[in-house]
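Undergrad: So that you have it, the file is target-v7.tsv, and it contains TSV, C-alpha atoms:
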chain	number	residue	atom	x	y	z
A	1	MET	CA	101.91	86.39	122.57
A	2	SER	CA	101.77	85.48	118.91
A	3	LEU	CA	98.43	84.23	117.63
A	4	ALA	CA	98.10	81.74	114.77
A	5	GLN	CA	96.31	83.37	111.83
A	6	LEU	CA	94.73	82.26	108.59
A	7	HIS	CA	93.25	83.86	105.48
A	8	TYR	CA	90.41	82.32	103.45
A	9	THR	CA	89.06	83.81	100.24
A	10	SER	CA	86.96	83.27	97.16
A	11	ALA	CA	88.65	86.22	95.43
A	12	ASP	CA	91.45	84.28	93.75
A	13	GLY	CA	91.65	83.76	90.03
A	14	ASP	CA	91.45	79.97	90.31
A	15	GLY	CA	87.68	79.75	89.76
A	16	THR	CA	85.65	78.75	86.75
A	17	GLY	CA	85.54	82.12	85.02
A	18	GLU	CA	84.32	85.67	85.41
A	19	ASP	CA	80.66	84.76	85.77
A	20	GLY	CA	81.03	81.31	87.31
A	21	PRO	CA	81.47	80.32	90.93
A	22	THR	CA	84.92	80.55	92.46
A	23	ALA	CA	85.86	77.92	95.01
A	24	ALA	CA	87.07	79.39	98.28
A	25	ARG	CA	90.50	78.40	99.52
A	26	PHE	CA	92.98	79.14	102.27
A	27	THR	CA	95.66	81.51	101.02
A	28	SER	CA	97.76	81.76	104.17
A	29	VAL	CA	97.75	79.47	107.19
A	30	ASP	CA	100.03	79.44	110.22
A	31	ALA	CA	101.87	76.10	110.38
A	32	SER	CA	100.61	75.48	113.93
A	33	ILE	CA	96.96	75.24	112.83
A	34	PRO	CA	95.87	71.58	112.46
A	35	ALA	CA	94.27	70.39	109.21
A	36	SER	CA	91.16	69.37	111.16
A	37	VAL	CA	90.65	73.01	112.15
A	38	LEU	CA	90.84	74.09	108.50
A	39	THR	CA	88.23	71.51	107.52
A	40	GLU	CA	85.85	72.83	110.16
A	41	ALA	CA	86.72	76.50	109.61
A	42	GLY	CA	86.06	76.73	105.86
A	43	PRO	CA	82.25	76.71	105.99
A	44	LEU	CA	82.25	78.97	109.06
A	45	LEU	CA	84.29	81.65	107.27
A	46	ALA	CA	82.29	81.82	104.04
A	47	TYR	CA	80.31	84.99	103.28
A	48	GLU	CA	77.10	85.43	101.38
A	49	ALA	CA	76.07	88.95	100.39
A	50	PRO	CA	72.54	90.00	101.37
A	51	ARG	CA	69.74	88.71	99.15
A	52	GLY	CA	69.28	90.93	96.11
A	53	THR	CA	72.88	92.15	95.98
A	54	PRO	CA	73.94	92.52	92.32
A	55	ASP	CA	76.99	90.56	91.14
A	56	ARG	CA	78.73	93.79	90.11
A	57	LEU	CA	78.94	96.74	92.51
A	58	THR	CA	80.50	100.18	92.61
A	59	ASP	CA	83.33	100.67	95.11
A	60	THR	CA	80.97	102.58	97.39
A	61	ALA	CA	78.30	99.87	97.27
A	62	LEU	CA	80.92	97.16	97.91
A	63	ARG	CA	82.22	98.96	101.01
A	64	ALA	CA	78.64	99.41	102.25
A	65	LEU	CA	77.99	95.65	102.42
A	66	PRO	CA	77.90	94.20	105.95
A	67	GLU	CA	81.00	92.69	107.51
A	68	ALA	CA	80.65	89.38	109.35
A	69	TYR	CA	82.33	89.01	112.75
A	70	SER	CA	82.29	85.65	114.46
A	71	PHE	CA	83.71	83.62	117.30
A	72	HIS	CA	83.27	79.86	117.08
A	73	VAL	CA	84.21	77.18	119.57
A	74	LEU	CA	85.37	74.32	117.36
A	75	SER	CA	84.87	70.61	118.01
A	76	ASP	CA	88.38	70.25	119.47
A	77	GLY	CA	87.64	73.01	122.01
A	78	SER	CA	89.75	75.63	120.24
A	79	GLY	CA	88.39	79.02	119.22
A	80	LEU	CA	88.21	80.78	115.87
A	81	LEU	CA	87.82	84.57	115.86
A	82	ALA	CA	87.10	85.92	112.37
A	83	ARG	CA	86.18	88.92	110.26
A	84	THR	CA	84.81	88.29	106.77
A	85	VAL	CA	84.19	91.03	104.21
A	86	ALA	CA	82.99	91.34	100.64
A	87	VAL	CA	85.76	92.08	98.13
A	88	ARG	CA	86.11	92.26	94.39
A	89	SER	CA	87.88	89.50	92.52
A	90	PRO	CA	91.28	90.66	91.14
A	91	ARG	CA	90.42	89.45	87.62
A	92	THR	CA	86.76	90.46	87.55
A	93	SER	CA	84.38	92.88	89.16
A	94	ALA	CA	82.35	90.04	90.70
A	95	VAL	CA	81.64	90.17	94.44
A	96	ARG	CA	83.69	87.62	96.39
A	97	PHE	CA	84.81	87.42	100.04
A	98	HIS	CA	87.94	87.47	102.18
A	99	ALA	CA	88.18	86.21	105.76
A	100	HIS	CA	90.93	86.83	108.29
A	101	ALA	CA	90.84	84.64	111.38
A	102	VAL	CA	92.83	84.01	114.54
A	103	HIS	CA	92.98	80.48	115.95
A	104	LEU	CA	93.05	80.08	119.72
A	105	PRO	CA	94.12	76.62	120.95
A	106	PRO	CA	91.92	75.04	123.65
A	107	GLY	CA	92.22	76.93	126.94
A	108	THR	CA	93.89	79.96	125.32
A	109	ARG	CA	92.47	83.45	125.78
A	110	LEU	CA	93.10	86.59	123.79
A	111	PRO	CA	95.96	88.74	125.13
A	112	GLY	CA	94.96	90.74	128.19
A	113	GLY	CA	91.73	88.76	128.52
A	114	THR	CA	90.20	90.79	125.68
A	115	LEU	CA	86.72	89.64	124.73
A	116	PRO	CA	86.36	88.34	121.15
A	117	LEU	CA	83.81	91.01	120.23
A	118	THR	CA	86.11	93.87	121.23
A	119	ALA	CA	89.02	92.40	119.24
A	120	CYS	CA	87.22	92.28	115.89
A	121	ARG	CA	88.40	95.69	114.69
A	122	SER	CA	91.91	95.33	116.12
Before anything else, please render the file you have as structure tokens.

TA:
Amino acid sequence: MSLAQLHYTSADGDGTGEDGPTAARFTSVDASIPASVLTEAGPLLAYEAPRGTPDRLTDTALRALPEAYSFHVLSDGSGLLARTVAVRSPRTSAVRFHAHAVHLPPGTRLPGGTLPLTACRS
């Protein structure tokens, strides 16, 4: 079984500058994922570092930030299983995020009946 995947990030160089906000965008989306799913998924995949996190971090501090795992049932009945992590922007050292998600059409289960929580580190 092949699962439709998508990637969503704020780590691209298309933002407003090194110190300004960078708009998140989808960087890779399986053609089978409807546009309505992307509209709903964007806000669900965003990541905000814990309060008090500096804008610039060492590699060790960046890797120590929490990862966000989620499973959402979307308005069309489909599922979105995601992992979102803090990353560093390629052009700057600012903290950004990257999300990788799997889209499950309505009525579809993960292969082998795997529970979403157990699949997060797959």

Undergrad: I'd like the interatomic distance between CA of Ala23 in chain A and CA of Ser10 in chain A, to a tenth of an Å.

TA: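 Computing it gives 5.9 Å between the two atoms.
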
Undergrad: Do a neighbour search on Gly42 in chain A at 9 Å with all atoms listed in the file, toss out local chain neighbours closer than 4 positions, and write the hits as a ChimeraX atom specification.

TA: /A:8,24-26,37-38,46

Undergrad: List the neighbours of range 59-73 of chain A out to 6 Å using only C-alpha atoms; skip same-chain residues closer than 3 positions along the sequence, and give me the result as a list in words.

TA: Gly77, Ser78, Gly79, Leu80, Leu81, Ala82, Arg83, Thr84 and Val85 of chain A

Undergrad: From the options A:Leu44, A:Ser28, A:Asp76, A:Val87, which residue's atoms come nearest to Thr58 in chain A, counting only C-alpha atoms?

TA: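 Nearest to Thr58 in chain A: A:Val87.
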
Undergrad: Restricting the calculation to only C-alpha atoms: of A:Ala119, A:Ala41, A:Ala31, A:Ala4, which residue gets closest to Ala99 in chain A?

TA: A:Ala41

Undergrad: Between CA of Arg91 in chain A and CA of Asp30 in chain A, what distance in Å does the model show, to one decimal?

TA: 26.5 Å

Undergrad: For range 34-51 of chain A, take all atoms listed in the file, fit an axis-aligned box around them, add 4 Å to each of the six sides, then output centre and edge lengths in Å rounded to one decimal, as JSON.

TA:
{"center_x": 82.8, "center_y": 79.7, "center_z": 105.8, "size_x": 34.1, "size_y": 28.6, "size_z": 21.3}

Undergrad: Would you work out the distance separating CA of Ile33 in chain A from CA of Ser89 in chain A, expressed in Å to one decimal?

TA: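 Separation between CA of Ile33 in chain A and CA of Ser89 in chain A: 26.4 Å.
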
Undergrad: With only C-alpha atoms as the basis for distance, which of A:Arg96, A:Arg51, A:His103, A:His7 is at the shortest distance from Leu74 in chain A?

TA: A:His103

Undergrad: Quick one: everything within 9 Å of Arg56 in chain A, counting only C-alpha atoms, minus sequence neighbours fewer than 6 positions away in the same chain. Send it as a list of chain:residue names.

TA: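 Counting only the stated atoms, we get A:Leu62, A:Arg88, A:Ser93, A:Ala94, A:Val95.
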
Undergrad: For Ser75 in chain A, which residue among A:Pro106, A:Ser2, A:Leu57, A:Gly113 is the nearest when counting all atoms listed in the file?

TA: A:Pro106
